[in-house]
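Structure first, commentary second.
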Amino acid sequence: MSDRPVRVRFAPSPTGPLHMGGVRTALYNYLFAKKHKGTFIIRIEDTDQTRFVSGAQDYIMDAMKWCGIMPTEGPGLEGDFGPYIQSERKALYRPYAEKLVANGKAYYAFDTSEELTKMREQAKEMGMPNWQYNSVTRSSMQNSVSLSSDEVQKKIENGDPYVIRMKMPRNEDIRFEDEIRGWVVVNTNNIDDKVLFKSDGMPTYHLANIVDDHLMEISHVIRGEEWLPSAPLHVMLYAAFGWEAPKFAHLPLLLKPDGNGKLSKRDGDRLGFPVFPTNWTTAEGDVFSGYREKGYFHGAFINMLAFLGWNPGTTQEIFSLEELVSAFSLDRVSKAGAKFDPDKTKWFQQQYIRAAENSELAVMLDSELAEDYGLEKLETVCELIKERATFISDIWTEGSFLLERPKEYDAKTIKKKWKGDAEKNMNGFKTILCELEDFSPEGIEAAFKSFLEKNDIGIGAVLPQFRLLLSGKGMGPSMFEISAFLGKEETLERIKIGMSALATANA
Ligand code: GLU
């Protein structure tokens, strides 16, 4: 760790909704900042106006709020380093680009896009498919390196459009130590003379990113692996300005569930799971699903994301956000791509719903239900059903029978279990229940066991039938808990109603 105060940023471009991978980048930045008592910043990188998507910035902020990983500095938040939207900083970039021209690290280039296309085509014809503007080719192009200063002056006075390009030195090794990948060495011959400042008066991503990270005193750049190829240029830029570079940490890719390639925005609904934190509606009205609307708890979503590329080095899997903060370190982030696992994501959600307080779950259920039945009853429903639920909606689908008599009886169970001595056994057990004084789960269980013993029959001869009559279902929580909750009167009533409904079944 350097001794600079920790200041990290999440720097999305508002080109659409935030993909799960983007949320993970934000999360790791958040965890790293909190862990080191530093500052987490959001900066909107909108220098490429052609890719701007309206609503994307609000979406990003809303999604981060839902995830509980809000930055403390950013647009609409506090902070002394603003503005935090690059288009609002437009005026400040040109002098930095000019500074590099003045100290010989960059140059003006007047080539039109037609000229560049022609050059590429000619090179292709000559067997060089990957023509680049670089230390070798720049001398034959229209720029302030190849032209005399008079010619350059004339072109500028004439209003000829130009860009400013980085003057990549020939055959030098650029080295930096990535916090996750270790030493990275790239030769400058492999990097072209990247455009830093465009003819439309806007900086490119590279220049704006470096200038802002410097001005915002960013200590660590934690971002996706797709930015690794840009890092050597960024290191060169810091050196060209004579600034201290931040430390870099490039996070592993998120891969599709089968491990074949990067998880893309299009994979989500196609493969049956969301790739976005919250729903995204396009300008055309198409809706892409999000974890929030699918019923995931933000804690489960974040917990799952934390494990995509990081592990705590122990067997613990369930972590609150606070626990993640104290356990997180870049040392335990892996280099290898992280396979997304939709089943594991559901598993996390199940663990969270099980661990939730019944009182919390009850208020998350439909408010009409609370009006109809009261929160106390709903809490018991949650208690009995949450072990079998993944989402809040499952609690009612699976557990409504606790408060409402079954409207139908599971056909498969009828076919398999409502035959032979079923009716006789249920009549016998009903008589026992009728006389039972201790109608607690334990009392019912004891009566049930002695009934089986006396009649020398197995559990399977009574329990599934009992469940079918009381709940209409083939599976569910403990029957002793269920009938105790329903109470003696209701239990007997449901047995009676059920038996007459099933009298003709399997006939
Ligand atoms: N604006 C870039 C993006 O959209 C940020 C890359 C970086 O963090 O440097 O991901």
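Each chain of the structure tokens is named A, B, ... in the order shown, its residues numbered from 1; ligands are numbered from 1 in display order.
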
Counting only C-alpha atoms and all ligand atoms, which protein, DNA or RNA residues come within 6 Å of ligand 1, given as JSON, numbers by chain?
{"A": [11, 12, 13, 45, 223]}

Suppose we keep C-alpha atoms; can you now write the selection as an mmCIF file, in the first residue's frame?
```cif
data_model
loop_
_atom_site.group_PDB
_atom_site.id
_atom_site.type_symbol
_atom_site.label_atom_id
_atom_site.label_comp_id
_atom_site.auth_asym_id
_atom_site.auth_seq_id
_atom_site.Cartn_x
_atom_site.Cartn_y
_atom_site.Cartn_z
ATOM 1 C CA ALA A 11 -16.137 5.388 -13.411
ATOM 2 C CA PRO A 12 -18.985 4.057 -15.532
ATOM 3 C CA SER A 13 -19.892 5.426 -18.929
ATOM 4 C CA GLU A 45 -17.361 9.195 -17.987
ATOM 5 C CA ARG A 223 -11.522 -1.832 -12.732
#
```

Could you list, with a cut-off of 12 Å and counting only C-alpha atoms, the residues of region 349-433 of chain A near region 297-321 of chain A, each shown with its nearest atom pair and the distance in Å rounded to one decimal, rows sorted by chain and ascending number, as a tab-separated table?
```
residue	atom	partner	partner_atom	distance
A:Gln349	CA	A:Ala300	CA	5.1
A:Gln350	CA	A:Ala300	CA	8.5
A:Gln351	CA	A:Ile318	CA	7.9
A:Tyr352	CA	A:Ala300	CA	6.1
A:Ile353	CA	A:Phe297	CA	8.1
A:Arg354	CA	A:Ala300	CA	11.4
A:Ala355	CA	A:Ile318	CA	10.3
A:Ala356	CA	A:Phe297	CA	10.2
A:Leu361	CA	A:Phe297	CA	11.1
A:Met364	CA	A:Phe297	CA	11.0
A:Thr390	CA	A:Phe297	CA	10.2
A:Phe391	CA	A:Phe297	CA	8.6
A:Ile392	CA	A:Phe297	CA	9.5
```

Quick one, how far is CA of Gly474 (chain A) from CA of Glu437 (chain A)?
27.5 Å

In terms of the shortest atom-to-atom distance over only C-alpha atoms, which of A:Ala422, A:Lys488, A:Lys124, A:Lys417 is closest to Gly443 (chain A)?
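Among A:Ala422, A:Lys488, A:Lys124, A:Lys417, it is A:Lys488 that comes nearest to Gly443 (chain A).
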
To one decimal place in Å, what is the distance between CA of Gly487 (chain A) and CA of Asn427 (chain A)?
17.9 Å

So which residues touch Met499 (chain A) within 12 Å, counting only C-alpha atoms, skipping near sequence neighbours fewer than 5 positions away, as a count of residues only?
23

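All residues within region 183-379 of chain A that the backbone DSSP calculation assigns to strand (DSSP E) are Trp183, Val184, Val185, Val186, Asn187, Val195, Leu196, Phe197, His220, Val221, Ile222, Arg223, Gly224, Lys247, Phe248, Ala249, His250, Leu251, Leu254, Leu255, Trp280, Thr281, Val287, Phe288, Ala338 and Lys339 of chain A.
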
Could you write those residues out with N, CA and C atoms, as a PDB file, in the first residue's frame?
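Now in part_2.pdb:
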```
ATOM      1  N   TRP A 183       3.613  -8.152 -12.108  1.00  0.00           N
ATOM      2  CA  TRP A 183       4.277  -7.260 -13.066  1.00  0.00           C
ATOM      3  C   TRP A 183       3.731  -7.421 -14.473  1.00  0.00           C
ATOM      4  N   VAL A 184       3.457  -6.295 -15.079  1.00  0.00           N
ATOM      5  CA  VAL A 184       2.990  -6.278 -16.468  1.00  0.00           C
ATOM      6  C   VAL A 184       4.037  -5.490 -17.246  1.00  0.00           C
ATOM      7  N   VAL A 185       4.539  -6.060 -18.331  1.00  0.00           N
ATOM      8  CA  VAL A 185       5.538  -5.367 -19.152  1.00  0.00           C
ATOM      9  C   VAL A 185       5.045  -5.349 -20.586  1.00  0.00           C
ATOM     10  N   VAL A 186       4.990  -4.168 -21.159  1.00  0.00           N
ATOM     11  CA  VAL A 186       4.539  -4.049 -22.554  1.00  0.00           C
ATOM     12  C   VAL A 186       5.514  -3.143 -23.293  1.00  0.00           C
ATOM     13  N   ASN A 187       5.890  -3.548 -24.498  1.00  0.00           N
ATOM     14  CA  ASN A 187       6.806  -2.720 -25.276  1.00  0.00           C
ATOM     15  C   ASN A 187       6.025  -1.656 -26.045  1.00  0.00           C
ATOM     16  N   VAL A 195      -5.154   8.715 -29.853  1.00  0.00           N
ATOM     17  CA  VAL A 195      -5.719  10.065 -29.826  1.00  0.00           C
ATOM     18  C   VAL A 195      -6.047  10.421 -28.373  1.00  0.00           C
ATOM     19  N   LEU A 196      -5.599  11.599 -27.943  1.00  0.00           N
ATOM     20  CA  LEU A 196      -5.884  12.054 -26.575  1.00  0.00           C
ATOM     21  C   LEU A 196      -6.989  13.105 -26.569  1.00  0.00           C
ATOM     22  N   PHE A 197      -7.004  13.884 -27.655  1.00  0.00           N
ATOM     23  CA  PHE A 197      -7.966  14.976 -27.720  1.00  0.00           C
ATOM     24  C   PHE A 197      -8.570  14.990 -29.116  1.00  0.00           C
ATOM     25  N   HIS A 220      -5.990   4.290  -5.992  1.00  0.00           N
ATOM     26  CA  HIS A 220      -6.036   2.951  -6.581  1.00  0.00           C
ATOM     27  C   HIS A 220      -7.097   2.914  -7.671  1.00  0.00           C
ATOM     28  N   VAL A 221      -6.710   2.398  -8.812  1.00  0.00           N
ATOM     29  CA  VAL A 221      -7.670   2.221  -9.896  1.00  0.00           C
ATOM     30  C   VAL A 221      -8.054   0.740  -9.921  1.00  0.00           C
ATOM     31  N   ILE A 222      -9.299   0.462  -9.518  1.00  0.00           N
ATOM     32  CA  ILE A 222      -9.775  -0.925  -9.475  1.00  0.00           C
ATOM     33  C   ILE A 222     -10.853  -1.030 -10.546  1.00  0.00           C
ATOM     34  N   ARG A 223     -10.584  -1.790 -11.598  1.00  0.00           N
ATOM     35  CA  ARG A 223     -11.522  -1.832 -12.732  1.00  0.00           C
ATOM     36  C   ARG A 223     -11.412  -3.176 -13.442  1.00  0.00           C
ATOM     37  N   GLY A 224     -12.293  -3.373 -14.404  1.00  0.00           N
ATOM     38  CA  GLY A 224     -12.363  -4.660 -15.099  1.00  0.00           C
ATOM     39  C   GLY A 224     -11.150  -4.940 -15.978  1.00  0.00           C
ATOM     40  N   LYS A 247      -2.110   3.086  -7.997  1.00  0.00           N
ATOM     41  CA  LYS A 247      -1.880   1.642  -8.145  1.00  0.00           C
ATOM     42  C   LYS A 247      -3.027   1.084  -8.985  1.00  0.00           C
ATOM     43  N   PHE A 248      -2.724   0.043  -9.740  1.00  0.00           N
ATOM     44  CA  PHE A 248      -3.755  -0.545 -10.606  1.00  0.00           C
ATOM     45  C   PHE A 248      -4.130  -1.937 -10.134  1.00  0.00           C
ATOM     46  N   ALA A 249      -5.413  -2.254 -10.236  1.00  0.00           N
ATOM     47  CA  ALA A 249      -5.882  -3.611  -9.942  1.00  0.00           C
ATOM     48  C   ALA A 249      -6.932  -3.943 -10.991  1.00  0.00           C
ATOM     49  N   HIS A 250      -6.618  -4.898 -11.858  1.00  0.00           N
ATOM     50  CA  HIS A 250      -7.566  -5.272 -12.921  1.00  0.00           C
ATOM     51  C   HIS A 250      -8.280  -6.562 -12.547  1.00  0.00           C
ATOM     52  N   LEU A 251      -9.597  -6.441 -12.409  1.00  0.00           N
ATOM     53  CA  LEU A 251     -10.429  -7.547 -11.898  1.00  0.00           C
ATOM     54  C   LEU A 251     -10.686  -8.588 -12.986  1.00  0.00           C
ATOM     55  N   LEU A 254     -16.039 -11.732 -15.801  1.00  0.00           N
ATOM     56  CA  LEU A 254     -17.159 -12.602 -15.410  1.00  0.00           C
ATOM     57  C   LEU A 254     -17.500 -13.441 -16.634  1.00  0.00           C
ATOM     58  N   LEU A 255     -17.510 -14.756 -16.439  1.00  0.00           N
ATOM     59  CA  LEU A 255     -17.751 -15.652 -17.569  1.00  0.00           C
ATOM     60  C   LEU A 255     -19.169 -16.225 -17.552  1.00  0.00           C
ATOM     61  N   TRP A 280     -34.396  -2.754 -16.400  1.00  0.00           N
ATOM     62  CA  TRP A 280     -34.031  -1.671 -17.314  1.00  0.00           C
ATOM     63  C   TRP A 280     -35.026  -1.649 -18.448  1.00  0.00           C
ATOM     64  N   THR A 281     -35.632  -0.494 -18.648  1.00  0.00           N
ATOM     65  CA  THR A 281     -36.588  -0.352 -19.740  1.00  0.00           C
ATOM     66  C   THR A 281     -35.962   0.518 -20.815  1.00  0.00           C
ATOM     67  N   VAL A 287     -38.221  -4.424 -21.765  1.00  0.00           N
ATOM     68  CA  VAL A 287     -37.770  -4.507 -20.374  1.00  0.00           C
ATOM     69  C   VAL A 287     -36.761  -5.649 -20.215  1.00  0.00           C
ATOM     70  N   PHE A 288     -35.606  -5.319 -19.646  1.00  0.00           N
ATOM     71  CA  PHE A 288     -34.613  -6.339 -19.303  1.00  0.00           C
ATOM     72  C   PHE A 288     -34.686  -6.543 -17.799  1.00  0.00           C
ATOM     73  N   ALA A 338     -14.135 -15.494 -13.552  1.00  0.00           N
ATOM     74  CA  ALA A 338     -15.055 -16.086 -12.573  1.00  0.00           C
ATOM     75  C   ALA A 338     -16.330 -16.501 -13.290  1.00  0.00           C
ATOM     76  N   LYS A 339     -16.656 -17.789 -13.183  1.00  0.00           N
ATOM     77  CA  LYS A 339     -17.862 -18.304 -13.842  1.00  0.00           C
ATOM     78  C   LYS A 339     -19.093 -17.925 -13.044  1.00  0.00           C
TER      79      LYS A 339
END
```

Report, in Å to a single decimal, how far apart CA of Ser219 (chain A) and CA of Tyr93 (chain A) are.
20.4 Å

Test item: residues at most 8 Å from Ser87 (chain A), only C-alpha atoms, excluding those fewer than 3 positions along its chain, as a PyMOL selection string
chain A and resi 45-47+90

Determine which residues of region 55-251 of chain A DSSP labels as alpha helix (DSSP H) from the backbone of this structure, then write them out as an NGL selection string.
:A and (56-67 or 90-102 or 113-125 or 149-157 or 205-215 or 231-241)

Contact residues around region 135-137 of chain A with only C-alpha atoms at 8 Å, ignoring same-chain residues under 5 positions, as a short mmCIF file (atom, residue, chain, number, x, y, z; two decimals) with all heavy atoms, in the first residue's frame:
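Contents of selection-v7.cif, as written:
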```cif
data_model
loop_
_atom_site.label_atom_id
_atom_site.label_comp_id
_atom_site.auth_asym_id
_atom_site.auth_seq_id
_atom_site.Cartn_x
_atom_site.Cartn_y
_atom_site.Cartn_z
N LYS A 167 2.67 10.75 -28.38
CA LYS A 167 3.86 10.38 -29.17
C LYS A 167 4.55 9.21 -28.47
O LYS A 167 5.40 9.41 -27.60
CB LYS A 167 4.79 11.59 -29.24
CG LYS A 167 5.91 11.46 -30.23
CD LYS A 167 6.64 12.80 -30.29
CE LYS A 167 7.91 12.71 -31.10
NZ LYS A 167 8.68 13.94 -30.96
N MET A 168 4.12 8.01 -28.86
CA MET A 168 4.67 6.82 -28.20
C MET A 168 6.14 6.65 -28.57
O MET A 168 6.47 6.64 -29.76
CB MET A 168 3.90 5.57 -28.68
CG MET A 168 2.78 5.18 -27.78
SD MET A 168 3.41 4.67 -26.18
CE MET A 168 1.96 4.98 -25.21
N PRO A 169 7.01 6.55 -27.60
CA PRO A 169 8.43 6.36 -27.94
C PRO A 169 8.66 5.00 -28.59
O PRO A 169 7.84 4.10 -28.45
CB PRO A 169 9.13 6.45 -26.58
CG PRO A 169 8.08 6.24 -25.56
CD PRO A 169 6.76 6.59 -26.16
N ARG A 170 9.75 4.88 -29.31
CA ARG A 170 10.04 3.63 -30.01
C ARG A 170 10.78 2.68 -29.07
O ARG A 170 11.69 3.07 -28.34
CB ARG A 170 10.88 3.96 -31.23
CG ARG A 170 11.33 2.80 -32.04
CD ARG A 170 11.07 2.93 -33.54
NE ARG A 170 11.25 1.63 -34.17
CZ ARG A 170 10.30 0.73 -34.29
NH1 ARG A 170 9.10 0.99 -33.84
NH2 ARG A 170 10.55 -0.43 -34.87
N ASN A 189 6.42 -0.48 -28.81
CA ASN A 189 6.21 -0.78 -30.24
C ASN A 189 4.84 -1.42 -30.47
O ASN A 189 4.35 -1.44 -31.60
CB ASN A 189 7.28 -1.75 -30.76
CG ASN A 189 8.62 -1.04 -30.89
OD1 ASN A 189 8.72 0.16 -30.65
ND2 ASN A 189 9.66 -1.79 -31.24
N ASP A 192 -0.10 2.01 -30.36
CA ASP A 192 -0.11 3.08 -31.37
C ASP A 192 -0.17 4.46 -30.72
O ASP A 192 -0.27 4.57 -29.49
CB ASP A 192 -1.28 2.86 -32.35
CG ASP A 192 -2.63 2.88 -31.67
OD1 ASP A 192 -2.68 2.70 -30.44
OD2 ASP A 192 -3.65 3.06 -32.36
N ASP A 193 -0.07 5.47 -31.55
CA ASP A 193 -0.13 6.86 -31.05
C ASP A 193 -1.59 7.21 -30.80
O ASP A 193 -2.27 7.79 -31.65
CB ASP A 193 0.48 7.82 -32.09
CG ASP A 193 1.99 7.70 -32.18
OD1 ASP A 193 2.57 6.92 -31.39
OD2 ASP A 193 2.60 8.39 -33.02
#
```

Considering only C-alpha atoms, return as JSON, numbers by chain whatever protein or nucleic-acid residues lie within 12 Å of region 198-205 of chain A, sequence-local ones (same chain, fewer than 4 positions apart) excluded.
{"A": [11, 12, 13, 44, 45, 46, 47, 48, 49, 50, 86, 87, 88, 89, 90, 91, 92, 93, 94, 95, 96, 97, 98, 108, 109, 110, 111, 112, 113, 156, 159, 160, 161, 162, 163, 164, 165, 166, 194, 209, 210, 211, 212, 213, 227, 230, 233, 234]}

Nearest-residue call for Ala63 (chain A), choices A:Gly38, A:Gly127, A:Gly290, A:Gly76, using only C-alpha atoms
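Smallest distance to Ala63 (chain A) is found for A:Gly290.
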
Determine the nearest neighbour of Ala336 (chain A) from the options A:Pro406, A:Gly285, A:Pro252, A:Pro277, counting only C-alpha atoms.
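Looking only at the distances to Ala336 (chain A), the closest residue turns out to be A:Pro252.
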
When you count only C-alpha atoms, which of these residues is closest to Lys65 (chain A): A:Glu376, A:Arg24, A:Thr278, A:Lys335?
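When distances to Lys65 (chain A) are compared using only C-alpha atoms, the smallest one comes from A:Thr278.
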
Write out as a list in words which residues come within 9 Å of Val6 (chain A) when counting only C-alpha atoms, dropping same-chain ones fewer than 4 positions away.
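After dropping sequence-adjacent residues, the list is Ser2, Phe32, Ala33, His36, Lys37, Gly38, Thr39, Phe40, Glu217, Ile218, Ser219 and His220 of chain A.
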
Selection from above, N, CA and C atoms, as a PDB file, in the first residue's frame, can you write it?
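Generated output (part.pdb):
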```pdb
ATOM      1  N   SER A   2       0.495   2.209  -0.833  1.00  0.00           N
ATOM      2  CA  SER A   2       1.230   3.474  -0.757  1.00  0.00           C
ATOM      3  C   SER A   2       0.676   4.236   0.437  1.00  0.00           C
ATOM      4  N   PHE A  32     -13.020  -1.934  -0.762  1.00  0.00           N
ATOM      5  CA  PHE A  32     -11.628  -1.513  -0.575  1.00  0.00           C
ATOM      6  C   PHE A  32     -11.579  -0.156   0.143  1.00  0.00           C
ATOM      7  N   ALA A  33     -12.440   0.760  -0.282  1.00  0.00           N
ATOM      8  CA  ALA A  33     -12.460   2.091   0.352  1.00  0.00           C
ATOM      9  C   ALA A  33     -12.814   1.982   1.831  1.00  0.00           C
ATOM     10  N   HIS A  36     -10.144   0.433   4.072  1.00  0.00           N
ATOM     11  CA  HIS A  36      -8.978   1.286   4.359  1.00  0.00           C
ATOM     12  C   HIS A  36      -9.383   2.678   4.819  1.00  0.00           C
ATOM     13  N   LYS A  37     -10.615   2.788   5.301  1.00  0.00           N
ATOM     14  CA  LYS A  37     -11.129   4.067   5.813  1.00  0.00           C
ATOM     15  C   LYS A  37     -10.916   5.181   4.786  1.00  0.00           C
ATOM     16  N   GLY A  38     -11.112   4.821   3.544  1.00  0.00           N
ATOM     17  CA  GLY A  38     -10.895   5.782   2.461  1.00  0.00           C
ATOM     18  C   GLY A  38     -12.203   6.315   1.904  1.00  0.00           C
ATOM     19  N   THR A  39     -12.137   6.855   0.701  1.00  0.00           N
ATOM     20  CA  THR A  39     -13.306   7.479   0.087  1.00  0.00           C
ATOM     21  C   THR A  39     -13.656   6.758  -1.205  1.00  0.00           C
ATOM     22  N   PHE A  40     -14.949   6.530  -1.386  1.00  0.00           N
ATOM     23  CA  PHE A  40     -15.443   5.882  -2.597  1.00  0.00           C
ATOM     24  C   PHE A  40     -16.176   6.934  -3.420  1.00  0.00           C
ATOM     25  N   GLU A 217      -7.239  12.874  -7.043  1.00  0.00           N
ATOM     26  CA  GLU A 217      -6.298  12.243  -6.098  1.00  0.00           C
ATOM     27  C   GLU A 217      -6.629  10.773  -5.834  1.00  0.00           C
ATOM     28  N   ILE A 218      -6.909  10.080  -6.949  1.00  0.00           N
ATOM     29  CA  ILE A 218      -7.231   8.656  -6.855  1.00  0.00           C
ATOM     30  C   ILE A 218      -5.960   7.863  -6.522  1.00  0.00           C
ATOM     31  N   SER A 219      -6.058   7.027  -5.499  1.00  0.00           N
ATOM     32  CA  SER A 219      -4.879   6.264  -5.064  1.00  0.00           C
ATOM     33  C   SER A 219      -4.813   4.889  -5.719  1.00  0.00           C
ATOM     34  N   HIS A 220      -5.990   4.290  -5.992  1.00  0.00           N
ATOM     35  CA  HIS A 220      -6.036   2.951  -6.581  1.00  0.00           C
ATOM     36  C   HIS A 220      -7.097   2.914  -7.671  1.00  0.00           C
TER      37      HIS A 220
END
```
